[in-house]
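Source file my_file-v9.cif; content: mmCIF, C-alpha atoms (C1' of nucleotides).
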data_structure
loop_
_atom_site.label_atom_id
_atom_site.label_comp_id
_atom_site.auth_asym_id
_atom_site.auth_seq_id
_atom_site.Cartn_x
_atom_site.Cartn_y
_atom_site.Cartn_z
CA MET S 2 3.31 22.44 15.61
CA SER S 3 4.20 25.11 13.11
CA ASP S 4 7.84 24.95 14.18
CA VAL S 5 7.99 21.26 13.50
CA ALA S 6 6.48 21.74 10.08
CA GLU S 7 8.85 24.55 9.24
CA GLY S 8 11.81 22.55 10.48
CA ALA S 9 10.86 19.60 8.31
CA GLU S 10 10.19 21.89 5.37
CA GLN S 11 13.52 23.64 5.75
CA HIS S 12 15.34 20.32 5.86
CA ILE S 13 13.56 18.85 2.86
CA LEU S 14 14.02 22.04 0.87
CA THR S 15 17.71 21.86 1.64
CA LEU S 16 17.77 18.26 0.43
CA ARG S 17 16.07 19.28 -2.80
CA ALA S 18 18.61 22.00 -3.48
CA THR S 19 21.55 19.65 -2.90
CA PRO S 20 22.81 17.50 -5.79
CA ARG S 21 22.34 13.82 -4.98
CA ARG S 22 26.05 13.06 -5.24
CA ARG S 23 26.81 15.36 -2.33
CA TRP S 24 24.16 14.05 0.03
CA ALA S 25 25.57 13.06 3.34
CA THR S 26 25.44 9.40 4.33
CA ARG S 27 22.53 10.01 6.67
CA ASP S 28 20.38 11.42 3.89
CA LYS S 29 21.51 8.70 1.49
CA ILE S 30 20.25 6.17 4.02
CA LEU S 31 16.86 7.86 4.14
CA LEU S 32 16.65 7.96 0.35
CA GLU S 33 17.52 4.31 -0.17
CA ALA S 34 15.35 3.23 2.76
CA SER S 35 12.37 5.05 1.27
CA ARG S 36 12.92 3.35 -2.08
CA LEU S 37 13.23 -0.10 -0.54
CA PHE S 38 10.23 0.47 1.73
CA ALA S 39 8.26 1.45 -1.38
CA THR S 40 9.35 -1.67 -3.27
CA HIS S 41 9.28 -4.34 -0.57
CA GLY S 42 7.30 -2.80 2.28
CA PHE S 43 8.76 -1.87 5.66
CA ARG S 44 9.28 -5.42 6.89
CA GLY S 45 10.26 -6.71 3.47
CA ALA S 46 13.11 -4.21 3.12
CA THR S 47 16.12 -5.35 5.13
CA THR S 48 18.78 -3.23 6.78
CA ARG S 49 21.39 -5.19 4.83
CA GLN S 50 19.78 -4.12 1.52
CA ILE S 51 19.71 -0.51 2.62
CA ALA S 52 23.36 -0.60 3.69
CA GLU S 53 24.43 -2.22 0.42
CA ARG S 54 22.82 0.52 -1.65
CA VAL S 55 24.35 3.22 0.51
CA GLY S 56 27.74 1.52 0.22
CA ILE S 57 28.41 0.83 3.89
CA GLN S 58 28.21 -2.21 6.16
CA GLN S 59 24.88 -3.03 7.78
CA PRO S 60 25.86 -2.29 11.41
CA SER S 61 27.07 1.17 10.37
CA LEU S 62 23.46 2.20 9.77
CA PHE S 63 22.98 2.26 13.52
CA LYS S 64 25.57 5.00 13.92
CA HIS S 65 23.11 7.27 12.09
CA PHE S 66 19.76 5.90 13.28
CA PRO S 67 18.92 4.13 16.53
CA SER S 68 16.72 1.62 14.71
CA LYS S 69 15.11 0.73 11.39
CA SER S 70 11.78 2.06 12.70
CA SER S 71 13.33 5.45 13.34
CA MET S 72 14.11 5.74 9.62
CA LEU S 73 10.45 5.12 8.86
CA ALA S 74 9.40 7.59 11.55
CA GLU S 75 11.57 10.34 10.09
CA LEU S 76 10.32 9.67 6.56
CA ALA S 77 6.74 9.66 7.83
CA VAL S 78 7.16 13.14 9.27
CA TYR S 79 8.58 14.37 5.97
CA ASP S 80 5.65 12.78 4.24
CA MET S 81 2.84 14.27 6.25
CA ASP S 82 3.95 17.23 8.34
CA VAL S 83 4.50 19.81 5.63
CA PRO S 84 1.28 18.96 3.72
CA ALA S 85 -0.69 19.09 7.01
CA HIS S 86 0.70 22.53 7.74
CA HIS S 87 -0.25 23.82 4.28
CA ALA S 88 -3.71 22.30 4.45
CA GLU S 89 -4.36 23.92 7.82
CA THR S 90 -3.31 27.29 6.44
CA ALA S 91 -5.67 26.86 3.48
CA ALA S 92 -8.50 25.87 5.81
CA ALA S 93 -7.98 28.89 8.06
CA THR S 94 -7.80 31.48 5.27
CA SER S 95 -10.87 33.46 4.24
CA GLY S 96 -12.24 33.52 0.71
CA SER S 97 -13.90 31.03 -1.64
CA ALA S 98 -13.61 27.47 -0.37
CA VAL S 99 -13.18 26.13 -3.88
CA ASP S 100 -10.39 28.55 -4.68
CA ARG S 101 -8.58 27.61 -1.48
CA PHE S 102 -9.13 23.92 -2.18
CA ALA S 103 -7.86 24.24 -5.75
CA GLY S 104 -4.86 26.18 -4.49
CA TYR S 105 -4.03 23.55 -1.93
CA VAL S 106 -4.42 20.69 -4.39
CA ALA S 107 -2.11 22.41 -6.87
CA TRP S 108 0.50 22.91 -4.17
CA ASP S 109 0.12 19.34 -2.90
CA LEU S 110 0.55 17.70 -6.29
CA GLU S 111 3.54 19.88 -7.13
CA TRP S 112 5.05 19.04 -3.72
CA TYR S 113 4.84 15.32 -4.41
CA ARG S 114 5.94 15.72 -8.03
CA THR S 115 9.25 17.25 -6.94
CA MET S 116 9.71 15.15 -3.78
CA PRO S 117 13.18 13.56 -3.51
CA PHE S 118 11.94 10.55 -1.53
CA ASP S 119 9.74 7.72 -2.68
CA LEU S 120 7.29 7.62 0.20
CA ARG S 121 4.65 5.25 -1.11
CA CYS S 122 3.87 2.70 1.59
CA VAL S 123 5.16 5.05 4.25
CA THR S 124 1.72 6.64 4.48
CA GLU S 125 0.13 3.23 4.70
CA GLN S 126 2.56 2.18 7.40
CA VAL S 127 1.68 5.34 9.29
CA VAL S 128 -2.01 4.50 9.17
CA ARG S 129 -1.37 0.92 10.27
CA SER S 130 1.21 0.95 13.02
CA GLU S 131 0.15 2.42 16.33
CA ARG S 132 3.58 3.90 16.84
CA LEU S 133 4.70 6.77 14.62
CA VAL S 134 2.55 9.01 16.80
CA GLU S 135 3.93 12.24 15.39
CA ALA S 136 3.19 11.26 11.81
CA ARG S 137 -0.23 9.94 12.77
CA ALA S 138 -1.05 13.28 14.37
CA ALA S 139 -0.04 15.01 11.13
CA VAL S 140 -2.34 12.73 9.13
CA LYS S 141 -5.18 13.62 11.50
CA ARG S 142 -4.49 17.33 11.08
CA TRP S 143 -4.36 16.93 7.31
CA ASN S 144 -7.66 15.06 7.16
CA ALA S 145 -9.33 17.57 9.49
CA ALA S 146 -8.14 20.53 7.42
CA ILE S 147 -9.14 19.02 4.07
CA GLY S 148 -12.49 17.97 5.55
CA LEU S 149 -13.09 21.50 6.83
CA ILE S 150 -12.40 23.13 3.48
CA LEU S 151 -14.68 20.65 1.72
CA ARG S 152 -17.52 21.17 4.19
CA GLN S 153 -17.13 24.91 3.72
CA GLY S 154 -17.52 24.27 0.00
CA VAL S 155 -20.62 22.18 0.57
CA ALA S 156 -22.11 24.92 2.77
CA SER S 157 -21.62 27.48 0.03
CA GLY S 158 -23.16 25.14 -2.52
CA GLU S 159 -20.01 24.79 -4.59
CA VAL S 160 -18.89 21.29 -3.60
CA SER S 161 -21.10 18.25 -4.11
CA GLU S 162 -22.01 16.62 -0.83
CA SER S 163 -21.35 13.04 -1.82
CA ALA S 164 -17.87 13.93 -3.09
CA VAL S 165 -16.58 14.84 0.37
CA ALA S 166 -16.07 11.19 1.33
CA PHE S 167 -14.03 10.36 -1.77
CA VAL S 168 -11.85 13.44 -2.25
CA PRO S 169 -9.18 12.83 0.42
CA ALA S 170 -8.40 9.29 -0.77
CA VAL S 171 -8.45 10.32 -4.41
CA LEU S 172 -6.21 13.32 -3.75
CA GLU S 173 -3.74 10.97 -2.07
CA THR S 174 -3.83 8.71 -5.13
CA LEU S 175 -3.16 11.61 -7.46
CA SER S 176 -0.27 12.67 -5.23
CA TRP S 177 1.35 9.25 -5.55
CA HIS S 178 0.69 9.35 -9.28
CA MET S 179 2.96 12.41 -9.39
CA VAL S 180 5.67 10.50 -7.51
CA TYR S 181 5.85 7.35 -9.55
CA THR S 182 5.03 8.77 -12.98
CA LYS S 183 8.56 9.64 -14.07
CA ASP S 184 7.52 12.08 -16.80
CA ALA S 185 4.96 13.96 -14.70
CA SER S 186 5.20 17.65 -15.60
CA GLU S 187 3.60 20.86 -14.40
CA GLN S 188 1.02 20.20 -17.11
CA THR S 189 0.25 16.85 -15.49
CA VAL S 190 -0.33 18.65 -12.20
CA ASP S 191 -2.71 21.11 -13.89
CA ASP S 192 -4.62 18.25 -15.50
CA ALA S 193 -4.93 16.43 -12.19
CA VAL S 194 -6.21 19.55 -10.43
CA ARG S 195 -8.90 20.00 -13.09
CA PHE S 196 -9.73 16.27 -12.92
CA LEU S 197 -10.29 16.38 -9.17
CA LEU S 198 -12.23 19.65 -9.26
CA ALA S 199 -14.55 18.32 -11.96
CA ALA S 200 -15.34 15.38 -9.70
CA ALA S 201 -15.81 17.42 -6.54
CA LEU S 202 -17.72 20.45 -7.80
CA GLU S 203 -21.47 20.67 -8.19
CA PRO S 204 -21.95 20.51 -11.99
CA ARG S 205 -23.60 23.92 -12.31
CA GLN S 206 -20.62 25.51 -10.55
CA ASP S 207 -18.15 24.26 -13.14
CA LEU S 208 -18.01 27.31 -15.38
CA ARG S 209 -14.67 26.48 -16.94
CA HIS S 210 -16.19 25.51 -20.28
CA MET Y 14 -8.55 -17.49 -19.62
CA SER Y 15 -12.28 -17.27 -19.36
CA ASP Y 16 -12.37 -20.64 -17.59
CA VAL Y 17 -9.97 -19.44 -14.93
CA ALA Y 18 -12.04 -16.32 -14.34
CA GLU Y 19 -15.24 -18.29 -14.14
CA GLY Y 20 -13.66 -20.80 -11.80
CA ALA Y 21 -12.46 -18.07 -9.48
CA GLU Y 22 -15.82 -16.34 -9.72
CA GLN Y 23 -17.69 -19.53 -8.91
CA HIS Y 24 -15.51 -20.16 -5.91
CA ILE Y 25 -15.77 -16.64 -4.54
CA LEU Y 26 -19.52 -16.57 -5.13
CA THR Y 27 -19.79 -19.80 -3.16
CA LEU Y 28 -17.76 -18.23 -0.37
CA ARG Y 29 -20.08 -15.23 -0.32
CA ALA Y 30 -23.16 -17.40 -0.03
CA THR Y 31 -21.69 -19.41 2.86
CA PRO Y 32 -22.06 -18.09 6.43
CA ARG Y 33 -18.65 -17.35 7.89
CA ARG Y 34 -19.08 -19.80 10.74
CA ARG Y 35 -19.29 -22.68 8.29
CA TRP Y 36 -16.26 -21.81 6.26
CA ALA Y 37 -13.83 -24.63 5.97
CA THR Y 38 -10.39 -24.25 7.53
CA ARG Y 39 -8.79 -23.61 4.18
CA ASP Y 40 -11.03 -20.64 3.47
CA LYS Y 41 -10.66 -19.38 7.03
CA ILE Y 42 -6.91 -19.35 6.46
CA LEU Y 43 -7.35 -17.27 3.31
CA LEU Y 44 -9.67 -14.84 5.10
CA GLU Y 45 -7.39 -14.28 8.09
CA ALA Y 46 -4.31 -14.14 5.89
CA SER Y 47 -5.92 -11.42 3.77
CA ARG Y 48 -6.76 -9.39 6.87
CA LEU Y 49 -3.27 -9.70 8.32
CA PHE Y 50 -1.64 -8.95 4.96
CA ALA Y 51 -3.81 -5.82 4.81
CA THR Y 52 -2.83 -4.74 8.31
CA HIS Y 53 0.85 -5.64 8.45
CA GLY Y 54 1.87 -6.24 4.85
CA PHE Y 55 2.87 -9.60 3.41
CA ARG Y 56 6.19 -9.87 5.20
CA GLY Y 57 4.88 -8.24 8.36
CA ALA Y 58 2.11 -10.80 8.79
CA THR Y 59 3.50 -14.02 10.24
CA THR Y 60 2.26 -17.54 9.73
CA ARG Y 61 1.97 -17.86 13.52
CA GLN Y 62 -0.47 -14.93 13.63
CA ILE Y 63 -2.55 -16.43 10.84
CA ALA Y 64 -2.68 -19.82 12.57
CA GLU Y 65 -3.65 -18.25 15.90
CA ARG Y 66 -6.62 -16.47 14.36
CA VAL Y 67 -7.74 -19.60 12.56
CA GLY Y 68 -7.42 -21.58 15.78
CA ILE Y 69 -4.81 -24.13 14.69
CA GLN Y 70 -1.07 -24.58 15.21
CA GLN Y 71 1.29 -22.82 12.81
CA PRO Y 72 2.71 -25.93 11.08
CA SER Y 73 -0.83 -27.08 10.28
CA LEU Y 74 -1.14 -24.24 7.77
CA PHE Y 75 1.18 -26.15 5.49
CA LYS Y 76 -1.26 -29.04 5.24
CA HIS Y 77 -3.53 -26.63 3.32
CA PHE Y 78 -1.01 -24.46 1.48
CA PRO Y 79 2.51 -25.36 0.33
CA SER Y 80 3.82 -21.95 1.44
CA LYS Y 81 2.87 -18.53 2.73
CA SER Y 82 3.42 -17.12 -0.78
CA SER Y 83 0.86 -19.51 -2.18
CA MET Y 84 -1.79 -17.93 0.06
CA LEU Y 85 -0.92 -14.56 -1.41
CA ALA Y 86 -0.94 -15.99 -4.91
CA GLU Y 87 -4.42 -17.42 -4.47
CA LEU Y 88 -5.75 -14.18 -3.00
CA ALA Y 89 -4.16 -12.23 -5.82
CA VAL Y 90 -6.03 -14.27 -8.40
CA TYR Y 91 -9.30 -13.68 -6.54
CA ASP Y 92 -8.46 -10.01 -6.48
CA MET Y 93 -7.73 -9.44 -10.13
CA ASP Y 94 -8.97 -12.27 -12.32
CA VAL Y 95 -12.71 -11.68 -12.09
CA PRO Y 96 -12.49 -7.89 -12.56
CA ALA Y 97 -10.16 -8.40 -15.53
CA HIS Y 98 -12.66 -10.74 -17.13
CA HIS Y 99 -15.51 -8.27 -16.67
CA ALA Y 100 -13.45 -5.34 -17.95
CA GLU Y 101 -12.51 -7.28 -21.08
CA THR Y 102 -16.15 -8.07 -21.73
CA ALA Y 103 -17.07 -4.40 -21.34
CA ALA Y 104 -14.26 -3.40 -23.70
CA ALA Y 105 -15.31 -5.89 -26.37
CA THR Y 106 -19.02 -4.98 -26.35
CA SER Y 107 -20.45 -2.52 -28.84
CA GLY Y 108 -22.31 0.62 -27.85
CA SER Y 109 -21.47 3.91 -26.14
CA ALA Y 110 -18.04 3.82 -24.51
CA VAL Y 111 -19.25 5.92 -21.61
CA ASP Y 112 -22.22 3.66 -20.94
CA ARG Y 113 -19.97 0.60 -20.95
CA PHE Y 114 -17.46 2.36 -18.73
CA ALA Y 115 -20.15 3.45 -16.27
CA GLY Y 116 -21.56 -0.07 -16.26
CA TYR Y 117 -18.19 -1.59 -15.55
CA VAL Y 118 -17.41 0.89 -12.77
CA ALA Y 119 -20.74 0.19 -11.09
CA TRP Y 120 -20.10 -3.54 -11.23
CA ASP Y 121 -16.51 -3.13 -10.01
CA LEU Y 122 -17.41 -1.02 -6.97
CA GLU Y 123 -20.27 -3.35 -6.03
CA TRP Y 124 -17.91 -6.33 -6.40
CA TYR Y 125 -15.44 -4.82 -3.96
CA ARG Y 126 -18.19 -3.59 -1.62
CA THR Y 127 -19.45 -7.14 -1.11
CA MET Y 128 -16.05 -8.87 -1.21
CA PRO Y 129 -15.45 -11.26 1.69
CA PHE Y 130 -11.69 -10.78 1.69
CA ASP Y 131 -9.70 -7.70 2.63
CA LEU Y 132 -7.35 -7.54 -0.31
CA ARG Y 133 -5.72 -4.18 0.20
CA CYS Y 134 -1.97 -4.57 -0.16
CA VAL Y 135 -2.44 -7.74 -2.17
CA THR Y 136 -2.72 -5.67 -5.33
CA GLU Y 137 0.38 -3.74 -4.36
CA GLN Y 138 2.24 -6.96 -3.67
CA VAL Y 139 1.19 -8.21 -7.08
CA VAL Y 140 2.63 -5.14 -8.76
CA ARG Y 141 5.87 -5.41 -6.78
CA SER Y 142 6.90 -9.02 -6.70
CA GLU Y 143 8.01 -10.55 -9.97
CA ARG Y 144 6.40 -13.84 -9.03
CA LEU Y 145 2.61 -14.04 -8.91
CA VAL Y 146 2.73 -14.26 -12.69
CA GLU Y 147 -0.91 -15.26 -13.03
CA ALA Y 148 -2.17 -12.30 -11.03
CA ARG Y 149 0.22 -9.96 -12.81
CA ALA Y 150 -1.17 -11.11 -16.14
CA ALA Y 151 -4.69 -10.37 -14.87
CA VAL Y 152 -3.63 -6.84 -13.86
CA LYS Y 153 -2.23 -6.32 -17.34
CA ARG Y 154 -5.47 -7.52 -18.93
CA TRP Y 155 -7.49 -5.25 -16.63
CA ASN Y 156 -5.39 -2.20 -17.45
CA ALA Y 157 -5.51 -2.94 -21.16
CA ALA Y 158 -9.30 -3.33 -21.14
CA ILE Y 159 -9.94 -0.17 -19.08
CA GLY Y 160 -7.49 1.75 -21.26
CA LEU Y 161 -9.26 0.55 -24.40
CA ILE Y 162 -12.68 1.65 -23.20
CA LEU Y 163 -11.33 5.05 -22.18
CA ARG Y 164 -9.59 5.61 -25.51
CA GLN Y 165 -12.82 4.67 -27.26
CA GLY Y 166 -14.50 7.35 -25.16
CA VAL Y 167 -11.83 9.89 -26.09
CA ALA Y 168 -12.24 9.03 -29.77
CA SER Y 169 -15.99 9.68 -29.58
CA GLY Y 170 -15.36 12.97 -27.77
CA GLU Y 171 -17.07 11.88 -24.57
CA VAL Y 172 -14.07 11.30 -22.31
CA SER Y 173 -11.56 14.03 -21.57
CA GLU Y 174 -8.10 13.16 -22.86
CA SER Y 175 -6.13 14.12 -19.79
CA ALA Y 176 -8.38 12.02 -17.56
CA VAL Y 177 -7.28 8.75 -19.13
CA ALA Y 178 -4.05 8.68 -17.16
CA PHE Y 179 -5.74 9.17 -13.80
CA VAL Y 180 -8.89 7.05 -14.08
CA PRO Y 181 -7.40 3.57 -13.50
CA ALA Y 182 -5.61 4.55 -10.27
CA VAL Y 183 -8.60 6.52 -9.01
CA LEU Y 184 -10.99 3.68 -9.78
CA GLU Y 185 -8.74 1.38 -7.79
CA THR Y 186 -8.85 3.82 -4.88
CA LEU Y 187 -12.63 4.00 -4.97
CA SER Y 188 -12.75 0.19 -5.04
CA TRP Y 189 -10.70 0.01 -1.84
CA HIS Y 190 -12.88 2.71 -0.34
CA MET Y 191 -15.80 0.29 -0.73
CA VAL Y 192 -13.83 -2.42 1.05
CA TYR Y 193 -12.69 -0.56 4.13
CA THR Y 194 -15.67 1.78 4.59
CA LYS Y 195 -17.80 -0.46 6.77
CA ASP Y 196 -21.08 1.35 6.12
CA ALA Y 197 -20.64 1.58 2.34
CA SER Y 198 -24.06 1.02 0.75
CA GLU Y 199 -25.42 0.73 -2.77
CA GLN Y 200 -25.98 4.48 -2.52
CA THR Y 201 -22.26 4.92 -1.83
CA VAL Y 202 -21.52 2.95 -4.98
CA ASP Y 203 -23.86 5.18 -7.01
CA ASP Y 204 -22.23 8.31 -5.62
CA ALA Y 205 -18.77 7.00 -6.45
CA VAL Y 206 -19.79 6.16 -10.01
CA ARG Y 207 -21.13 9.69 -10.52
CA PHE Y 208 -17.99 11.13 -8.88
CA LEU Y 209 -15.67 9.29 -11.25
CA LEU Y 210 -17.78 10.01 -14.34
CA ALA Y 211 -17.87 13.73 -13.53
CA ALA Y 212 -14.07 13.70 -13.44
CA ALA Y 213 -13.61 11.66 -16.61
CA LEU Y 214 -16.24 13.12 -18.92
CA GLU Y 215 -15.80 16.16 -21.11
CA PRO Y 216 -17.85 18.81 -19.28
CA ARG Y 217 -20.32 19.41 -22.12
CA GLN Y 218 -21.12 15.70 -22.21
CA ASP Y 219 -22.30 15.66 -18.60
CA LEU Y 220 -26.00 16.15 -19.15
CA ARG Y 221 -27.09 14.68 -15.84
CA HIS Y 222 -28.04 18.10 -14.42
"C1'" DC V 20 -4.02 -31.48 12.79
"C1'" DC V 21 -0.35 -31.93 16.67
"C1'" DT V 22 4.59 -31.71 18.91
"C1'" DA V 23 9.26 -31.08 18.20
"C1'" DC V 24 12.50 -28.85 15.79
"C1'" DC V 25 15.70 -26.74 12.13
"C1'" DG V 26 18.41 -23.63 9.05
"C1'" DA V 27 18.20 -18.97 7.53
"C1'" DT V 28 17.74 -14.42 8.26
"C1'" DC V 29 16.39 -10.67 10.83
"C1'" DG V 30 17.45 -6.13 13.68
"C1'" DG V 31 20.71 -4.66 16.63
"C1'" DT V 32 25.21 -4.68 19.95
"C1'" DA V 33 30.27 -4.85 21.37
"C1'" DG V 34 34.51 -3.25 20.73
"C1'" DG V 35 37.69 -1.08 18.17
"C1'" DC W 11 32.65 3.20 9.77
"C1'" DC W 12 34.51 -1.80 10.24
"C1'" DT W 13 34.57 -6.97 11.92
"C1'" DA W 14 32.60 -10.27 14.73
"C1'" DC W 15 28.67 -11.85 16.61
"C1'" DC W 16 24.13 -12.62 19.20
"C1'" DG W 17 19.26 -13.59 20.59
"C1'" DA W 18 14.84 -13.66 18.44
"C1'" DT W 19 11.94 -14.88 15.04
"C1'" DC W 20 10.94 -16.32 10.64
"C1'" DG W 21 8.95 -19.95 7.07
"C1'" DG W 22 8.86 -24.59 6.66
"C1'" DT W 23 9.85 -30.00 7.67
"C1'" DA W 24 9.67 -34.65 10.10
"C1'" DG W 25 7.07 -37.91 12.06
"C1'" DG W 26 3.14 -39.31 14.03
#

Please re-express this file's structure in structure tokens.
Amino acid sequence: MSDVAEGAEQHILTLRATPRRRWATRDKILLEASRLFATHGFRGATTRQIAERVGIQQPSLFKHFPSKSSMLAELAVYDMDVPAHHAETAAATSGSAVDRFAGYVAWDLEWYRTMPFDLRCVTEQVVRSERLVEARAAVKRWNAAIGLILRQGVASGEVSESAVAFVPAVLETLSWHMVYTKDASEQTVDDAVRFLLAAALEPRQDLRH
Amino acid sequence: MSDVAEGAEQHILTLRATPRRRWATRDKILLEASRLFATHGFRGATTRQIAERVGIQQPSLFKHFPSKSSMLAELAVYDMDVPAHHAETAAATSGSAVDRFAGYVAWDLEWYRTMPFDLRCVTEQVVRSERLVEARAAVKRWNAAIGLILRQGVASGEVSESAVAFVPAVLETLSWHMVYTKDASEQTVDDAVRFLLAAALEPRQDLRH
DNA sequence: CCTACCGATCGGTAGG
DNA sequence: CCTACCGATCGGTAGG
């Protein structure tokens, strides 16, 4: 589990450090596929469109990937595996639940803010399609870890009970906000963390003002 | 503008009051199309699947709708036109911005909680595709109205400035939460309203505890 | 609302 | 990585 996450993290960190012009064809395919999936949905994006943007002929895609679905599967692992690993670490650490939650949220939003791929819709596809088992398992682990931290916060009286149901979906929304807001900065991330904490915390626990 | 909204509202209110068994074929088509669009995306859902669920042959769909896109277009208007109308009314009313915002949010979440159609993905399709001009216009009106109320709240010192950017997307998320959470109750709506207000309000203005 | 059917486009293969 | 191409499936039409 951890190895998979670290492998994916290593790869994506390498991608981030590499200027886009020098990306290999395989990674260019993933980038353009993610953008077209985000714009037109998985079925709406065609392999011919992907190939055109990469600058190769459509059948050449299948020298790099066995199928269109396998592109989605690889993107889905990128999307969910590393966050799941971080969330599990935050859930397993000792200390204040709210501090660990705030720390995770800050990492998560920064992760999406600097993500090279546009993975909107990939998450949705993961939830829908019964295939993509690896990515679906990562989503489960992520939800379990976030749920655990939040319930720890409820137990210690810091997190409001009714907020637990809304926080995961809202966190996901804020993550995508960081992706598609072009001028999102580290300040934007800070604001979003405070926004989510204000919603999740019991009012009397919010001593920031 | 108002006539369109009221027409759509009338129609959808009629649908709500009618037991599902008695729905006419045309409305059954819209219902099943919305569910399949939500599950497989617009392109992923096929007209043959829709027809099968309705219990008719695929070509018969086109006796009720000129095209598959026209089903999406009609659903998109249902999705956005009525909320846009309500948001504009809330924005144009006098009184406390926060009270009007809270009132709108409560109405919005209850609207989605009791919605007969599953319109997830329809909103996304509206944002993507350059057609669906009517629905796109409604989205614009909705965003403008919500933005106006929020800026009024910022001006009166009630709403936190950094929250303005996040509230529309988060409200949308909470709306969908009401759709796909099967056991969402009026209590769930109340909790979500409080959750969103806690995030959006300047801390000192939250006098609820 | 049905049967019969069509042109277009899809993901993917063969062979080099 | 290219050209040539294929079977399957798509949205939609014709005619009754």

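The residues returned by the PyMOL selection byres ((chain W) within 12 of (chain S)) on the shown structure are DC11, DC12, DT13, DA14, DC15 and DC20 of chain W.
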
Chain Y contacts to chain S at 10 Å (all atoms listed in the file) as number ranges by chain: Y: 51-58, 134, 137-138, 140-142, 173-176, 178-180, 182-187, 189-190, 194, 200-201, 203-205, 207-217, 219-222

Output check: residues returned by the PyMOL selection byres ((chain W and resi 21) around 8), as an MDAnalysis selection string: (chainID Y and resid 60 80:81) or (chainID W and resid 20 22)

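Put simply, atom CA of Y:Gln71 is 12.4 Å away from atom CA of Y:Ala46.
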
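Atom pair atom CA of S:Asp82 / atom CA of S:Ile147: separated by 13.9 Å.
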